[in-house]
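Just below is one structure, and these are the notes that go with it.
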Amino acid sequence: MPADTALLASVPLFERLDEEERALLAAQLDDVSFEPGQVVFKRGDPGGSIFIVVSGAVEIFVEDTVGQRVVFETAKAGDFFGELSLLDGDPRSASSIAIEVTRAVRLDRNDLELLFTRHPTSAMDVLAVIGKRLREADRVIGTRPTYSPNDAVEENVTAVQRVADAAAAFSGSIAFLVVHIVWFAVWVGVNLSVVPAIEAFDPFPFGLLTMIVSLEAIFLSCMVLISQNRQAAKERIRSDAEYDANIRAGLEVTQLHVKVDALYEQTLARLAALEKRLPAVGQPGTDGLR
């Protein structure tokens, strides 16, 4: 039903209008109300009107690809929302839901043109709200991580872990094998008097070499285990990232199903409306084909 002038006078956007202008505008506006939890509109719906809150509160939000709700603003008495789709003609870019018992007035495009004609400064109020929400969207985007989870883990790597990774990587290389072959050959050759010019310092059965190799094996095994634990942590992160990607894909498929179902329902409704408008074929008094 149309809004009354007293209702419009309580809204800051209309308070500068005189009684005649408010009466003219009130004759074209609709007074609407919403219960807590009631959806005002959903993202993707046609944007044919804006809403101005008279009392109560409405939450404007979007859901990201993992289903998390990102709240842009909570519109309270005197605030308005839904203006972007009305201005550019595109579908709703966000969703809105009443979080309290809410009373609002609804304006369509013609009502908004009348308001701007009668009260030009109200256009600046609308632009200010649009700018505020764009800044909020930029802030939300700017606070989200722009690098992979593995990069985040790398920032917390200690010096010991870096040494362990390097040691584990080197121990699995051909260079590590060649170094030990050359080392053992020279050690054994010297201590078996193959090189007479050098006096043996670790005669057979090479106890010193055995102790050094045993200590090397102990430290190297610890390094490899530390590196394996880090790789296991990376695998868990990779699994979590793949799980999130699967959830996003599932949500996107669900959204596609919802949109297809909505289009199907709209098509059926339009066909039903067309059938009611068309004269019944073959009925007396019509020009339909027999």
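Here, A, B, ... name the chains of the structure tokens in the order displayed, residue numbers run from 1 inside each chain, and ligands are numbered from 1 in the same displayed order.
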
TODO: Mind checking which residues fall within 10 Å of Ala75 in chain A, counting only C-alpha atoms, ignoring those fewer than 6 positions away in the same chain, and posting them as a list of chain:residue names?
DONE: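 Contacts, in chain order: A:Phe51, A:Ile52, A:Val53, A:Val54, A:Ser55, A:Gly56, A:Ala57, A:Val58, A:Glu59, A:Ile60, A:Phe81, A:Ser96, A:Ala98, A:Ile99.
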
Export C-alpha atoms of the chosen residues as a PDB file, in the first residue's frame?
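Dumped to out_8.pdb:
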```pdb
ATOM      1  CA  PHE A  51      14.397   0.095  -0.095  1.00  0.00           C
ATOM      2  CA  ILE A  52      14.613   2.738   2.621  1.00  0.00           C
ATOM      3  CA  VAL A  53      14.477   1.453   6.194  1.00  0.00           C
ATOM      4  CA  VAL A  54      11.988   3.217   8.422  1.00  0.00           C
ATOM      5  CA  SER A  55      12.476   0.979  11.462  1.00  0.00           C
ATOM      6  CA  GLY A  56      14.316  -2.249  12.183  1.00  0.00           C
ATOM      7  CA  ALA A  57      17.517  -3.499  10.539  1.00  0.00           C
ATOM      8  CA  VAL A  58      18.461  -5.279   7.307  1.00  0.00           C
ATOM      9  CA  GLU A  59      21.782  -7.016   6.682  1.00  0.00           C
ATOM     10  CA  ILE A  60      23.380  -6.622   3.229  1.00  0.00           C
ATOM     11  CA  PHE A  81      19.923  -0.347   0.088  1.00  0.00           C
ATOM     12  CA  SER A  96      19.691  -8.781   2.021  1.00  0.00           C
ATOM     13  CA  ALA A  98      15.880  -8.670   7.805  1.00  0.00           C
ATOM     14  CA  ILE A  99      17.479  -9.293  11.196  1.00  0.00           C
TER      15      ILE A  99
END
```

As an mmCIF file with C-alpha atoms, in the first residue's frame, list the residues of range 34-231 of chain A assigned to strand (DSSP E) by DSSP on the backbone atoms of this structure.
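Contents of result.cif, as written:
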```cif
data_model
loop_
_atom_site.group_PDB
_atom_site.id
_atom_site.type_symbol
_atom_site.label_atom_id
_atom_site.label_comp_id
_atom_site.auth_asym_id
_atom_site.auth_seq_id
_atom_site.Cartn_x
_atom_site.Cartn_y
_atom_site.Cartn_z
ATOM 1 C CA PHE A 34 9.616 -7.922 6.914
ATOM 2 C CA VAL A 39 14.861 -12.442 2.737
ATOM 3 C CA VAL A 40 14.284 -9.061 1.095
ATOM 4 C CA PHE A 41 16.054 -10.051 -2.123
ATOM 5 C CA SER A 49 13.603 -1.046 -6.735
ATOM 6 C CA ILE A 50 15.467 0.295 -3.717
ATOM 7 C CA PHE A 51 14.397 0.095 -0.095
ATOM 8 C CA ILE A 52 14.613 2.738 2.621
ATOM 9 C CA VAL A 53 14.477 1.453 6.194
ATOM 10 C CA VAL A 54 11.988 3.217 8.422
ATOM 11 C CA SER A 55 12.476 0.979 11.462
ATOM 12 C CA ALA A 57 17.517 -3.499 10.539
ATOM 13 C CA VAL A 58 18.461 -5.279 7.307
ATOM 14 C CA GLU A 59 21.782 -7.016 6.682
ATOM 15 C CA ILE A 60 23.380 -6.622 3.229
ATOM 16 C CA PHE A 61 25.824 -9.421 2.440
ATOM 17 C CA VAL A 62 27.317 -11.720 -0.184
ATOM 18 C CA GLU A 63 28.404 -15.333 0.090
ATOM 19 C CA ARG A 69 28.876 -14.731 4.509
ATOM 20 C CA VAL A 70 30.641 -11.406 3.979
ATOM 21 C CA VAL A 71 28.552 -8.607 5.523
ATOM 22 C CA PHE A 72 28.917 -5.213 3.843
ATOM 23 C CA GLU A 73 26.527 -3.208 5.969
ATOM 24 C CA THR A 74 23.596 -3.388 8.349
ATOM 25 C CA ALA A 75 20.991 -0.886 7.159
ATOM 26 C CA LYS A 76 19.065 0.713 10.014
ATOM 27 C CA PHE A 80 18.699 2.610 2.129
ATOM 28 C CA PHE A 81 19.923 -0.347 0.088
ATOM 29 C CA SER A 95 21.631 -10.338 -0.838
ATOM 30 C CA SER A 96 19.691 -8.781 2.021
ATOM 31 C CA ILE A 97 17.826 -10.250 4.964
ATOM 32 C CA ALA A 98 15.880 -8.670 7.805
ATOM 33 C CA THR A 102 11.579 -4.156 9.780
ATOM 34 C CA ARG A 103 9.415 -1.548 8.120
ATOM 35 C CA ALA A 104 10.576 0.084 4.894
ATOM 36 C CA VAL A 105 9.413 1.995 1.841
ATOM 37 C CA ARG A 106 10.112 0.752 -1.668
ATOM 38 C CA LEU A 107 10.957 2.994 -4.634
ATOM 39 C CA ASP A 108 11.116 2.017 -8.283
#
```

TODO: Once DSSP has gone over the backbone, tell me which residues of range 85-114 of chain A are in helix (DSSP H, G or I), as JSON, numbers by chain.
DONE: {"A": [85, 86, 87, 88, 109, 110, 111, 112, 113, 114]}

Task: Residue nearest Glu216 in chain A among A:Ser171, A:Ser93, A:Gln266, A:Ser33 (counting only C-alpha atoms) - done: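 The shortest atom-to-atom distance to Glu216 in chain A comes from A:Ser171.
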
Open item on the list: Residues within 10 Å of Glu19 in chain A, please, as number ranges by chain. Count only C-alpha atoms; anything in the same chain fewer than 4 positions from it doesn't count.
Closed with: A: 5-6, 8-9, 15, 23-25

Task: Who sits within 10 Å of Phe176 in chain A, only C-alpha atoms, same chain under 6 positions skipped, as number ranges by chain - done: A: 167, 169-170

Next, dump the selected residues to file, keeping only N, CA and C atoms, as a CSV table (one decimal), in the first residue's frame.
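out-v7.csv, written as the output of this step:
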```csv
chain,number,residue,atom,x,y,z
A,167,ALA,N,69.9,-30.7,3.8
A,167,ALA,CA,70.6,-31.9,4.0
A,167,ALA,C,69.9,-33.1,3.4
A,169,ALA,N,67.7,-33.0,1.0
A,169,ALA,CA,67.8,-32.9,-0.5
A,169,ALA,C,69.2,-33.3,-1.0
A,170,PHE,N,70.2,-32.9,-0.3
A,170,PHE,CA,71.6,-33.3,-0.8
A,170,PHE,C,71.8,-34.8,-0.6
```

Task: Residue nearest Asn229 in chain A among A:Ala168, A:Ala249, A:Leu134, A:Ala185 (counting only C-alpha atoms) - done: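 Closest to Asn229 in chain A, using only C-alpha atoms: A:Ala168.
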
Task: Residue neighbourhood Pro91 in chain A, 12 Å, only C-alpha atoms, exclusion window fewer than 2 positions, as a PyMOL selection string - done: chain A and resi 41-49+82-89+93-95

Task: CA of Glu21 in chain A to CA of Leu115 in chain A, straight-line distance in Å - done: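 Atom-to-atom, CA of Leu115 in chain A to CA of Glu21 in chain A, that is 8.7 Å.
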